[in-house]
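Data from model10.pdb: PDB, C-alpha atoms, pLDDT in the B column
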MODEL        1
ATOM      1  CA  VAL D   1      10.142  88.808  14.319  1.00 91.00           C
ATOM      2  CA  GLN D   2      10.119  92.173  12.566  1.00 94.00           C
ATOM      3  CA  LEU D   3       7.404  93.697  10.406  1.00 96.00           C
ATOM      4  CA  GLN D   4       8.206  96.423   7.891  1.00 96.00           C
ATOM      5  CA  ALA D   5       5.236  98.308   6.514  1.00 95.00           C
ATOM      6  CA  SER D   6       5.255 100.704   3.589  1.00 95.00           C
ATOM      7  CA  GLY D   7       2.970 102.349   1.056  1.00 96.00           C
ATOM      8  CA  GLY D   8       1.130 105.005   3.016  1.00 94.00           C
ATOM      9  CA  GLY D   9       0.668 108.508   1.715  1.00 97.00           C
ATOM     10  CA  SER D  10      -1.724 111.343   0.989  1.00 98.00           C
ATOM     11  CA  VAL D  11      -4.413 110.996  -1.653  1.00 98.00           C
ATOM     12  CA  GLN D  12      -7.729 112.502  -2.667  1.00 98.00           C
ATOM     13  CA  ALA D  13     -11.026 110.809  -1.937  1.00 98.00           C
ATOM     14  CA  GLY D  14     -11.764 108.124  -4.508  1.00 98.00           C
ATOM     15  CA  GLU D  15      -8.133 107.358  -5.198  1.00 98.00           C
ATOM     16  CA  SER D  16      -6.187 104.225  -4.307  1.00 98.00           C
ATOM     17  CA  LEU D  17      -3.184 103.179  -2.259  1.00 98.00           C
ATOM     18  CA  ARG D  18      -1.438  99.877  -1.767  1.00 98.00           C
ATOM     19  CA  LEU D  19       0.169  98.986   1.533  1.00 98.00           C
ATOM     20  CA  SER D  20       2.831  96.301   1.895  1.00 97.00           C
ATOM     21  CA  CYS D  21       4.196  94.529   4.923  1.00 97.00           C
ATOM     22  CA  VAL D  22       7.179  92.218   5.019  1.00 96.00           C
ATOM     23  CA  ALA D  23       7.704  89.886   7.957  1.00 94.00           C
ATOM     24  CA  SER D  24      11.168  88.634   8.800  1.00 93.00           C
ATOM     25  CA  GLY D  25      12.486  86.268  11.432  1.00 92.00           C
ATOM     26  CA  THR D  26      11.087  82.946  12.557  1.00 87.00           C
ATOM     27  CA  ILE D  27       7.539  82.686  11.232  1.00 82.00           C
ATOM     28  CA  PHE D  28       5.457  79.701  12.299  1.00 73.00           C
ATOM     29  CA  GLY D  29       3.284  78.066   9.686  1.00 69.00           C
ATOM     30  CA  LEU D  30      -0.092  78.618  11.296  1.00 71.00           C
ATOM     31  CA  ASN D  31      -0.606  82.339  11.612  1.00 87.00           C
ATOM     32  CA  HIS D  32      -2.677  85.337  10.681  1.00 92.00           C
ATOM     33  CA  MET D  33      -1.376  88.531   9.156  1.00 95.00           C
ATOM     34  CA  GLY D  34      -3.407  91.644   8.816  1.00 97.00           C
ATOM     35  CA  TRP D  35      -3.839  95.370   8.999  1.00 98.00           C
ATOM     36  CA  TYR D  36      -5.230  97.431  11.818  1.00 98.00           C
ATOM     37  CA  ARG D  37      -5.661 101.163  12.020  1.00 97.00           C
ATOM     38  CA  GLN D  38      -5.673 103.526  14.925  1.00 95.00           C
ATOM     39  CA  ASN D  39      -6.662 107.143  15.325  1.00 91.00           C
ATOM     40  CA  PRO D  40      -5.710 109.306  18.323  1.00 89.00           C
ATOM     41  CA  GLY D  41      -7.590 108.342  21.471  1.00 91.00           C
ATOM     42  CA  LYS D  42      -9.050 105.208  19.930  1.00 90.00           C
ATOM     43  CA  GLU D  43      -8.183 101.542  20.039  1.00 91.00           C
ATOM     44  CA  HIS D  44      -6.776  99.531  17.184  1.00 89.00           C
ATOM     45  CA  GLU D  45      -9.469  98.689  14.674  1.00 95.00           C
ATOM     46  CA  LEU D  46      -9.198  95.587  12.510  1.00 97.00           C
ATOM     47  CA  VAL D  47      -9.203  96.506   8.840  1.00 98.00           C
ATOM     48  CA  ALA D  48      -8.470  93.158   7.218  1.00 98.00           C
ATOM     49  CA  ARG D  49      -6.591  89.957   7.910  1.00 97.00           C
ATOM     50  CA  ILE D  50      -5.648  86.800   6.127  1.00 95.00           C
ATOM     51  CA  THR D  51      -4.842  83.394   7.509  1.00 91.00           C
ATOM     52  CA  SER D  52      -2.018  81.119   6.424  1.00 86.00           C
ATOM     53  CA  ASP D  53      -4.564  79.084   4.452  1.00 88.00           C
ATOM     54  CA  GLY D  54      -5.850  82.146   2.645  1.00 90.00           C
ATOM     55  CA  LYS D  55      -9.076  82.923   4.456  1.00 95.00           C
ATOM     56  CA  THR D  56      -9.820  86.634   4.642  1.00 97.00           C
ATOM     57  CA  GLU D  57     -11.789  88.841   6.979  1.00 97.00           C
ATOM     58  CA  TYR D  58     -12.703  92.498   6.552  1.00 98.00           C
ATOM     59  CA  SER D  59     -14.279  95.161   8.656  1.00 98.00           C
ATOM     60  CA  ASP D  60     -17.700  96.217   7.393  1.00 97.00           C
ATOM     61  CA  SER D  61     -16.407  99.712   6.683  1.00 97.00           C
ATOM     62  CA  VAL D  62     -13.931  98.517   4.034  1.00 98.00           C
ATOM     63  CA  LYS D  63     -15.708  95.520   2.471  1.00 98.00           C
ATOM     64  CA  GLY D  64     -15.857  95.847  -1.285  1.00 98.00           C
ATOM     65  CA  ARG D  65     -13.185  98.566  -1.350  1.00 98.00           C
ATOM     66  CA  PHE D  66     -10.111  96.961   0.235  1.00 98.00           C
ATOM     67  CA  THR D  67      -8.463  93.674  -0.678  1.00 98.00           C
ATOM     68  CA  ILE D  68      -5.877  91.870   1.406  1.00 98.00           C
ATOM     69  CA  SER D  69      -3.538  89.371  -0.200  1.00 96.00           C
ATOM     70  CA  ARG D  70      -0.449  87.380   0.636  1.00 93.00           C
ATOM     71  CA  ASP D  71       2.494  86.337  -1.478  1.00 89.00           C
ATOM     72  CA  ASN D  72       3.617  82.748  -1.958  1.00 81.00           C
ATOM     73  CA  THR D  73       6.293  83.005   0.706  1.00 82.00           C
ATOM     74  CA  GLU D  74       3.553  83.880   3.235  1.00 79.00           C
ATOM     75  CA  THR D  75       5.826  86.543   4.675  1.00 89.00           C
ATOM     76  CA  THR D  76       4.490  89.525   2.742  1.00 93.00           C
ATOM     77  CA  ILE D  77       0.984  90.882   2.734  1.00 95.00           C
ATOM     78  CA  PHE D  78      -0.609  93.626   0.727  1.00 97.00           C
ATOM     79  CA  LEU D  79      -3.629  95.822   1.256  1.00 98.00           C
ATOM     80  CA  GLN D  80      -5.093  97.271  -1.902  1.00 98.00           C
ATOM     81  CA  MET D  81      -7.240 100.210  -0.885  1.00 98.00           C
ATOM     82  CA  ASN D  82      -9.595 101.552  -3.521  1.00 98.00           C
ATOM     83  CA  SER D  83     -12.257 104.257  -3.411  1.00 98.00           C
ATOM     84  CA  LEU D  84     -10.619 105.766  -0.372  1.00 98.00           C
ATOM     85  CA  LYS D  85     -12.703 107.984   1.875  1.00 98.00           C
ATOM     86  CA  PRO D  86     -11.612 110.696   4.330  1.00 97.00           C
ATOM     87  CA  GLU D  87     -12.721 108.421   7.163  1.00 96.00           C
ATOM     88  CA  ASP D  88     -10.075 105.918   6.069  1.00 97.00           C
ATOM     89  CA  SER D  89      -7.417 108.379   7.192  1.00 97.00           C
ATOM     90  CA  SER D  90      -5.418 106.770   9.961  1.00 97.00           C
ATOM     91  CA  VAL D  91      -2.148 105.160  10.907  1.00 97.00           C
ATOM     92  CA  TYR D  92      -2.194 101.626   9.551  1.00 98.00           C
ATOM     93  CA  TYR D  93      -0.322  98.914  11.404  1.00 97.00           C
ATOM     94  CA  CYS D  94       0.729  95.561  10.100  1.00 97.00           C
ATOM     95  CA  ASN D  95       0.073  92.663  12.474  1.00 96.00           C
ATOM     96  CA  LEU D  96       1.283  89.098  12.698  1.00 95.00           C
ATOM     97  CA  ASN D  97      -0.430  86.735  15.105  1.00 93.00           C
ATOM     98  CA  MET D  98       1.156  83.341  15.537  1.00 90.00           C
ATOM     99  CA  GLY D  99       2.307  80.570  17.782  1.00 85.00           C
ATOM    100  CA  PRO D 100       0.566  78.456  20.431  1.00 84.00           C
ATOM    101  CA  LEU D 101       0.083  81.566  22.590  1.00 85.00           C
ATOM    102  CA  ARG D 102      -1.230  83.585  19.638  1.00 87.00           C
ATOM    103  CA  THR D 103       1.439  86.234  20.150  1.00 91.00           C
ATOM    104  CA  ASN D 104       0.972  89.549  18.364  1.00 93.00           C
ATOM    105  CA  PHE D 105       3.756  91.325  16.550  1.00 94.00           C
ATOM    106  CA  TRP D 106       3.331  94.846  15.168  1.00 95.00           C
ATOM    107  CA  GLY D 107       4.960  96.913  12.476  1.00 94.00           C
ATOM    108  CA  GLN D 108       5.862 100.570  12.884  1.00 92.00           C
ATOM    109  CA  GLY D 109       2.731 102.034  11.284  1.00 93.00           C
ATOM    110  CA  THR D 110       2.250 103.873   8.043  1.00 96.00           C
ATOM    111  CA  LEU D 111       0.146 107.012   7.712  1.00 97.00           C
ATOM    112  CA  VAL D 112      -2.718 107.209   5.241  1.00 98.00           C
ATOM    113  CA  THR D 113      -4.345 110.587   4.696  1.00 98.00           C
ATOM    114  CA  VAL D 114      -7.387 110.976   2.455  1.00 98.00           C
ATOM    115  CA  SER D 115      -8.564 114.465   1.594  1.00 98.00           C
ATOM    116  CA  SER D 116     -12.075 115.301   0.484  1.00 94.00           C
TER     117      SER D 116
ENDMDL
END
Would you write out, as C-alpha coordinates, the structure that this file holds?
Amino acid sequence: VQLQASGGGSVQAGESLRLSCVASGTIFGLNHMGWYRQNPGKEHELVARITSDGKTEYSDSVKGRFTISRDNTETTIFLQMNSLKPEDSSVYYCNLNMGPLRTNFWGQGTLVTVSS
(Lines of atoms letter the chains of each structure in order from A and count residues from 1; the text may use other names and numbers.)
(Lines give C-alpha, C1' and ligand atoms only; values in the text may rest on other atoms or scores of the structure.)
Protein backbone atom coordinates (compact mmCIF):
# COMPACT_ATOMS: atom_id res chain seq x y z
CA VAL A 1 0.00 0.00 0.00
CA GLN A 2 1.26 3.47 -0.88
CA LEU A 3 -0.18 6.83 0.11
CA GLN A 4 0.57 9.95 -1.91
CA ALA A 5 -0.29 13.23 -0.24
CA SER A 6 -0.35 16.64 -1.87
CA GLY A 7 -1.73 20.14 -1.44
CA GLY A 8 0.38 21.67 1.30
CA GLY A 9 1.80 25.15 1.04
CA SER A 10 2.22 28.54 2.66
CA VAL A 11 -0.75 30.79 3.28
CA GLN A 12 -1.82 33.71 5.43
CA ALA A 13 -4.03 33.29 8.46
CA GLY A 14 -7.67 33.06 7.45
CA GLU A 15 -6.96 31.53 4.08
CA SER A 16 -7.69 27.99 2.91
CA LEU A 17 -5.86 24.94 1.63
CA ARG A 18 -7.03 21.58 0.38
CA LEU A 19 -5.00 18.45 0.98
CA SER A 20 -5.41 15.28 -1.07
CA CYS A 21 -4.24 11.75 -0.47
CA VAL A 22 -4.41 8.88 -2.91
CA ALA A 23 -4.06 5.31 -1.71
CA SER A 24 -2.86 2.62 -4.07
CA GLY A 25 -2.34 -1.11 -3.68
CA THR A 26 -4.58 -3.65 -2.02
CA ILE A 27 -7.12 -1.76 0.07
CA PHE A 28 -9.46 -3.77 2.27
CA GLY A 29 -13.07 -2.68 2.44
CA LEU A 30 -13.28 -1.92 6.14
CA ASN A 31 -10.80 0.83 6.88
CA HIS A 32 -10.24 4.33 8.12
CA MET A 33 -8.37 7.05 6.30
CA GLY A 34 -7.37 10.29 7.86
CA TRP A 35 -4.93 13.08 8.46
CA TYR A 36 -2.52 13.51 11.31
CA ARG A 37 -0.06 16.30 11.92
CA GLN A 38 3.22 16.39 13.72
CA ASN A 39 5.46 19.18 14.89
CA PRO A 40 9.10 18.71 15.96
CA GLY A 41 9.42 16.93 19.28
CA LYS A 42 5.74 16.05 19.45
CA GLU A 43 3.71 12.97 18.67
CA HIS A 44 1.32 12.59 15.78
CA GLU A 45 -1.92 14.41 16.46
CA LEU A 46 -5.16 13.26 14.86
CA VAL A 47 -6.67 16.01 12.75
CA ALA A 48 -9.55 14.20 11.08
CA ARG A 49 -10.47 10.76 9.85
CA ILE A 50 -13.23 9.10 7.92
CA THR A 51 -14.37 5.51 7.95
CA SER A 52 -15.28 3.40 4.94
CA ASP A 53 -18.95 3.98 5.77
CA GLY A 54 -18.50 7.74 5.87
CA LYS A 55 -18.37 8.49 9.57
CA THR A 56 -16.08 11.39 10.42
CA GLU A 57 -14.11 12.42 13.47
CA TYR A 58 -12.29 15.68 14.10
CA SER A 59 -9.97 17.04 16.71
CA ASP A 60 -11.53 19.81 18.78
CA SER A 61 -8.99 22.29 17.45
CA VAL A 62 -10.22 21.99 13.85
CA LYS A 63 -13.96 21.34 14.26
CA GLY A 64 -15.98 23.77 12.19
CA ARG A 65 -12.97 24.80 10.09
CA PHE A 66 -11.75 21.57 8.47
CA THR A 67 -13.77 19.05 6.48
CA ILE A 68 -12.63 15.58 5.53
CA SER A 69 -14.20 13.78 2.61
CA ARG A 70 -13.67 10.69 0.52
CA ASP A 71 -14.28 10.01 -3.14
CA ASN A 72 -16.49 7.23 -4.47
CA THR A 73 -13.57 4.91 -5.07
CA GLU A 74 -12.74 5.14 -1.34
CA THR A 75 -9.07 5.43 -2.23
CA THR A 76 -8.77 9.21 -2.17
CA ILE A 77 -9.44 11.53 0.72
CA PHE A 78 -9.45 15.27 0.94
CA LEU A 79 -9.02 17.72 3.77
CA GLN A 80 -10.52 21.12 3.17
CA MET A 81 -8.91 23.50 5.61
CA ASN A 82 -10.58 26.87 6.03
CA SER A 83 -9.88 29.79 8.35
CA LEU A 84 -6.36 28.56 8.86
CA LYS A 85 -4.49 29.69 11.95
CA PRO A 86 -0.73 29.88 12.60
CA GLU A 87 -1.13 27.02 15.07
CA ASP A 88 -2.28 24.81 12.19
CA SER A 89 1.24 24.98 10.79
CA SER A 90 2.66 21.48 10.73
CA VAL A 91 3.59 18.54 8.57
CA TYR A 92 0.38 16.73 7.69
CA TYR A 93 0.46 12.99 7.15
CA CYS A 94 -2.10 10.88 5.41
CA ASN A 95 -2.99 7.65 7.22
CA LEU A 96 -4.73 4.46 6.24
CA ASN A 97 -5.71 2.00 8.94
CA MET A 98 -7.05 -1.33 7.79
CA GLY A 99 -7.11 -5.06 8.06
CA PRO A 100 -7.80 -7.46 10.94
CA LEU A 101 -4.65 -6.22 12.72
CA ARG A 102 -5.58 -2.58 12.13
CA THR A 103 -2.29 -1.93 10.36
CA ASN A 104 -1.28 1.69 9.82
CA PHE A 105 0.13 2.98 6.57
CA TRP A 106 1.52 6.50 6.24
CA GLY A 107 2.10 8.93 3.42
CA GLN A 108 5.22 11.05 3.07
CA GLY A 109 3.88 14.20 4.73
CA THR A 110 3.03 17.57 3.29
CA LEU A 111 4.02 20.85 4.92
CA VAL A 112 1.43 23.47 5.80
CA THR A 113 2.68 26.86 6.92
CA VAL A 114 0.27 29.56 8.09
CA SER A 115 1.61 33.05 8.67
CA SER A 116 -0.05 35.61 10.90
Fill in: Residues selected by the PyMOL selection byres ((chain D and resi 48) around 9), written as a VMD selection string
chain D and resid 33 to 36 46 to 47 49 to 50 56 to 59 62 to 63 66 to 68 79
What are the centre and edge lengths in Å, to one decimal, of the axis-aligned box around all listed atoms of region 13-21 of chain D with 6 Å added on each side, as JSON?
{"center_x": -3.8, "center_y": 102.7, "center_z": -0.1, "size_x": 28.0, "size_y": 28.3, "size_z": 22.1}
Worksheet entry | Counting only C-alpha atoms, the option among D:Leu111, D:Asn104, D:Met98, D:Leu84 closest to Leu17 (chain D) | D:Leu84
Worksheet item: Which residue out of D:Ser24, D:Asn95, D:Ser10, D:Asn39 has the minimum interatomic distance to Thr73 (chain D) when only C-alpha atoms are used?
Response: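 Checking each candidate against Thr73 (chain D), we get D:Ser24 as the closest.
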Fill in: Distance of CA of Pro100 (chain D) from CA of Ala5 (chain D), expressed in Å to one decimal place
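Straight-line distance from CA of Ala5 (chain D) to CA of Pro100 (chain D) works out to 24.7 Å.
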Worksheet entry | Counting all atoms listed in the file, the option among D:Val114, D:Ser52, D:Cys94, D:Phe105 closest to Phe78 (chain D) | D:Cys94
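In this comparison, which uses all atoms listed in the file, the residue of D:Gln12, D:Tyr93, D:Asn72, D:Gln2 approaching Ile27 (chain D) most closely is D:Gln2.
You will find CA of Ser6 (chain D) at 21.6 Å from CA of Gly54 (chain D).
Residue nearest Met81 (chain D) within the list D:Gly7, D:Ser115, D:Gln38, D:Val1: D:Gly7 [criterion: smallest interatomic distance, all atoms listed in the file].
Distance-wise, CA of Lys85 (chain D) and CA of Lys55 (chain D) end up 25.5 Å apart.
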Have region 36-53 of chain D completed to N, CA and C atoms, please, and pass it along as an mmCIF file, keeping the file's coordinate frame.
data_model
loop_
_atom_site.group_PDB
_atom_site.id
_atom_site.type_symbol
_atom_site.label_atom_id
_atom_site.label_comp_id
_atom_site.auth_asym_id
_atom_site.auth_seq_id
_atom_site.Cartn_x
_atom_site.Cartn_y
_atom_site.Cartn_z
ATOM 1 N N TYR D 36 -4.386 96.708 10.883
ATOM 2 C CA TYR D 36 -5.230 97.431 11.818
ATOM 3 C C TYR D 36 -4.982 98.917 11.598
ATOM 4 N N ARG D 37 -5.882 99.723 12.067
ATOM 5 C CA ARG D 37 -5.661 101.163 12.020
ATOM 6 C C ARG D 37 -6.066 101.772 13.355
ATOM 7 N N GLN D 38 -5.431 102.888 13.645
ATOM 8 C CA GLN D 38 -5.673 103.526 14.925
ATOM 9 C C GLN D 38 -5.618 105.028 14.781
ATOM 10 N N ASN D 39 -6.630 105.687 15.272
ATOM 11 C CA ASN D 39 -6.662 107.143 15.325
ATOM 12 C C ASN D 39 -6.445 107.594 16.767
ATOM 13 N N PRO D 40 -6.007 108.825 16.966
ATOM 14 C CA PRO D 40 -5.710 109.306 18.323
ATOM 15 C C PRO D 40 -6.881 109.105 19.280
ATOM 16 N N GLY D 41 -6.584 108.534 20.443
ATOM 17 C CA GLY D 41 -7.590 108.342 21.471
ATOM 18 C C GLY D 41 -8.484 107.142 21.261
ATOM 19 N N LYS D 42 -8.223 106.379 20.211
ATOM 20 C CA LYS D 42 -9.050 105.208 19.930
ATOM 21 C C LYS D 42 -8.211 103.949 19.919
ATOM 22 N N GLU D 43 -8.890 102.823 20.045
ATOM 23 C CA GLU D 43 -8.183 101.542 20.039
ATOM 24 C C GLU D 43 -7.905 101.108 18.600
ATOM 25 N N HIS D 44 -7.006 100.149 18.492
ATOM 26 C CA HIS D 44 -6.776 99.531 17.184
ATOM 27 C C HIS D 44 -8.079 98.981 16.632
ATOM 28 N N GLU D 45 -8.287 99.216 15.353
ATOM 29 C CA GLU D 45 -9.469 98.689 14.674
ATOM 30 C C GLU D 45 -9.005 97.734 13.584
ATOM 31 N N LEU D 46 -9.534 96.525 13.579
ATOM 32 C CA LEU D 46 -9.198 95.587 12.510
ATOM 33 C C LEU D 46 -9.701 96.126 11.181
ATOM 34 N N VAL D 47 -8.815 96.127 10.201
ATOM 35 C CA VAL D 47 -9.203 96.506 8.840
ATOM 36 C C VAL D 47 -9.406 95.249 8.002
ATOM 37 N N ALA D 48 -8.389 94.398 7.989
ATOM 38 C CA ALA D 48 -8.470 93.158 7.218
ATOM 39 C C ALA D 48 -7.385 92.221 7.710
ATOM 40 N N ARG D 49 -7.622 90.924 7.589
ATOM 41 C CA ARG D 49 -6.591 89.957 7.910
ATOM 42 C C ARG D 49 -6.759 88.732 7.051
ATOM 43 N N ILE D 50 -5.674 87.985 6.961
ATOM 44 C CA ILE D 50 -5.648 86.800 6.127
ATOM 45 C C ILE D 50 -4.918 85.707 6.887
ATOM 46 N N THR D 51 -5.459 84.512 6.819
ATOM 47 C CA THR D 51 -4.842 83.394 7.509
ATOM 48 C C THR D 51 -3.813 82.722 6.609
ATOM 49 N N SER D 52 -3.048 81.814 7.192
ATOM 50 C CA SER D 52 -2.018 81.119 6.424
ATOM 51 C C SER D 52 -2.628 80.233 5.346
ATOM 52 N N ASP D 53 -3.921 79.878 5.503
ATOM 53 C CA ASP D 53 -4.564 79.084 4.452
ATOM 54 C C ASP D 53 -5.434 79.941 3.546
#
